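Everything on this sheet refers to the single structure shown next.
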Amino acid sequence: MEKGRSGIQQRVNAFRDKRLAVTFAANKEAGEKFLAANKTKEGVKELPGGVQYKVIKEGNGPIPADSSRVMVSYEGRTIEGKVFDSSDKNNDNNPVQITIKDMIPGWIDALTHMPVGSEWEIYVPQEKAYGAREAGEDIKPFSALIFKLKLVSISPEK
């Protein structure tokens, strides 16, 4: 019974994603164009999997694993420049504690390559962000995103 339900849900999700891909094709295309142009800019590098980044400040601390809890400061923007989230705004200018593996794939890719003390601007392709999902009122399906990420510290193991 559970297998049957799972199969039906997968087909429903595939149908929904196909419909959204048509409706939001312009978002996907805009993101692809942005990332293609961005990777030619001075100082922009690319991680395996397509996340691009520019080092603002290079840290010299340890690099966390995907299972690490870390303290980060961040600001998220659309490729058009609209800020949709900020730890400074939402957390009284304080970093937030997260478990890396619980974040979007683009954050996982970046944070597991960043030494503590680093500040990067990362450029996240839609498939490493929210893909076909809408996230809040500002992030539409298939949107590439930009984050300024500062890796403050790795939290001690409990």
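Identifiers for the structure tokens are assigned positionally: chains receive A, B, ... in sequence, residues are indexed from 1 per chain, and ligands are indexed from 1 in the order shown.
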
- Message: Which residues are close to segment 153-156 of chain A, i.e. within 7 Å by only C-alpha atoms, leaving aside same-chain residues fewer than 2 positions away? Reply as a ChimeraX atom specification.
- Response: /A:64,68-71,116,151,158

Write the residues of the selection above to a file with N, CA and C atoms, as a CSV table (one decimal), in the first residue's frame.
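selection05.csv, freshly written:
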```
chain,number,residue,atom,x,y,z
A,64,PRO,N,34.5,23.0,7.7
A,64,PRO,CA,33.5,22.1,8.3
A,64,PRO,C,33.1,20.9,7.4
A,68,SER,N,28.5,19.2,10.3
A,68,SER,CA,28.9,20.2,11.3
A,68,SER,C,27.8,21.2,11.6
A,69,ARG,N,27.7,21.6,12.8
A,69,ARG,CA,26.9,22.8,13.2
A,69,ARG,C,27.8,24.0,13.1
A,70,VAL,N,27.4,25.0,12.5
A,70,VAL,CA,28.2,26.2,12.3
A,70,VAL,C,27.4,27.5,12.6
A,71,MET,N,28.2,28.5,12.9
A,71,MET,CA,27.6,29.8,13.0
A,71,MET,C,27.9,30.6,11.8
A,116,VAL,N,36.9,28.5,8.2
A,116,VAL,CA,36.3,29.4,9.2
A,116,VAL,C,37.0,30.7,9.1
A,151,LEU,N,31.3,32.5,7.3
A,151,LEU,CA,31.5,31.3,8.2
A,151,LEU,C,32.2,31.8,9.4
A,158,LYS,N,28.5,18.0,20.6
A,158,LYS,CA,27.8,17.8,21.9
A,158,LYS,C,28.0,16.3,22.3
```

- Task: Using only C-alpha atoms, find the one residue out of A:Asp102, A:Glu127, A:Glu58, A:Glu46 that sits nearest to Ala144 of chain A.
- Result: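 Checking each candidate against Ala144 of chain A, we get A:Glu127 as the closest.
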
Long-range neighbours of segment 73-89 of chain A as a compact mmCIF listing (two decimals) with C-alpha atoms, in the first residue's frame, 10 Å cut-off, only C-alpha atoms, 2 positions minimum in chain:
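Saved as part29.txt:
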```txt
# COMPACT_ATOMS: atom_id res chain seq x y z
CA ASN A 27 13.20 32.28 -14.38
CA ALA A 30 17.38 34.24 -16.67
CA GLY A 31 19.34 32.29 -14.06
CA PHE A 34 23.19 35.28 -15.30
CA LEU A 35 25.45 32.38 -14.26
CA MET A 71 27.61 29.85 13.05
CA ASN A 91 18.67 38.03 14.16
CA ASP A 92 19.67 41.44 15.59
CA ASN A 93 23.00 41.53 13.71
CA ASN A 94 24.02 38.18 15.19
CA PRO A 95 25.09 35.05 13.30
CA VAL A 96 22.76 32.05 13.32
CA GLN A 97 23.56 28.45 14.14
CA GLU A 119 33.31 35.47 3.65
CA TRP A 120 32.14 34.51 0.18
CA GLU A 121 29.53 35.68 -2.24
CA ILE A 122 27.98 32.55 -3.73
CA TYR A 123 25.90 32.26 -6.89
CA VAL A 124 23.55 29.30 -6.67
CA ALA A 135 10.17 29.79 -1.18
CA GLY A 136 8.37 32.73 0.32
CA GLU A 137 6.96 35.53 -1.78
CA ASP A 138 10.27 36.57 -3.38
CA ILE A 139 11.72 33.25 -4.57
CA LYS A 140 9.83 31.83 -7.52
CA SER A 143 15.31 30.87 -9.53
CA ALA A 144 19.08 31.21 -9.27
CA LEU A 145 20.07 33.01 -6.06
CA ILE A 146 22.95 35.03 -4.62
CA PHE A 147 24.12 34.79 -1.00
CA LYS A 148 26.77 36.60 0.94
CA LEU A 149 27.93 33.96 3.45
CA LYS A 150 30.30 34.48 6.36
CA LEU A 151 31.46 31.34 8.18
CA VAL A 152 32.00 32.56 11.75
```

- Query: What is the atom CA of Ala110 of chain A-atom CA of Asn38 of chain A distance in Å, reported with one decimal?
  - Reply: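 Taking atom CA of Ala110 of chain A as the start and atom CA of Asn38 of chain A as the end point, the length is 16.7 Å.
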
- Within 12 Å of Pro48 of chain A using only C-alpha atoms, minus same-chain residues under 4 positions, as a PyMOL selection string: chain A and resi 52-53+105-106+108-110+112-113+128

Export of prior selection with C-alpha atoms as a PDB file, in the first residue's frame:
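Okay, this is what ended up in again-v8.pdb:
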```
ATOM      1  CA  GLN A  52      29.996  29.834  -8.275  1.00  0.00           C
ATOM      2  CA  TYR A  53      31.727  31.927  -5.641  1.00  0.00           C
ATOM      3  CA  PRO A 105      22.501  22.081  -1.678  1.00  0.00           C
ATOM      4  CA  GLY A 106      24.268  25.297  -2.776  1.00  0.00           C
ATOM      5  CA  ILE A 108      26.234  22.681   1.561  1.00  0.00           C
ATOM      6  CA  ASP A 109      28.615  22.849  -1.415  1.00  0.00           C
ATOM      7  CA  ALA A 110      29.990  26.250  -0.391  1.00  0.00           C
ATOM      8  CA  THR A 112      32.089  22.467   3.059  1.00  0.00           C
ATOM      9  CA  HIS A 113      34.813  24.278   1.077  1.00  0.00           C
ATOM     10  CA  LYS A 128      21.133  23.827  -6.047  1.00  0.00           C
TER      11      LYS A 128
END
```

- Task: Quick one: pick out all helix (DSSP H, G or I) residues within segment 21-111 of chain A from a backbone DSSP run and write them as an MDAnalysis selection string.
- Result: chainID A and resid 21:23 25:38 87:90 100:102 105:111

- Query: Which residue, A:Ile100, A:Ala37, A:Val72, A:Met114, has the smallest gap to Ile56 of chain A when you use only C-alpha atoms?
  - Reply: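 Distance minimum relative to Ile56 of chain A lands on A:Met114.
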
- Of the candidates A:Ser67, A:Gln126, A:Asn60, A:Gln10, which one gets nearest to Phe24 of chain A if we count only C-alpha atoms?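 That would be A:Gln126, the residue with the smallest distance to Phe24 of chain A.
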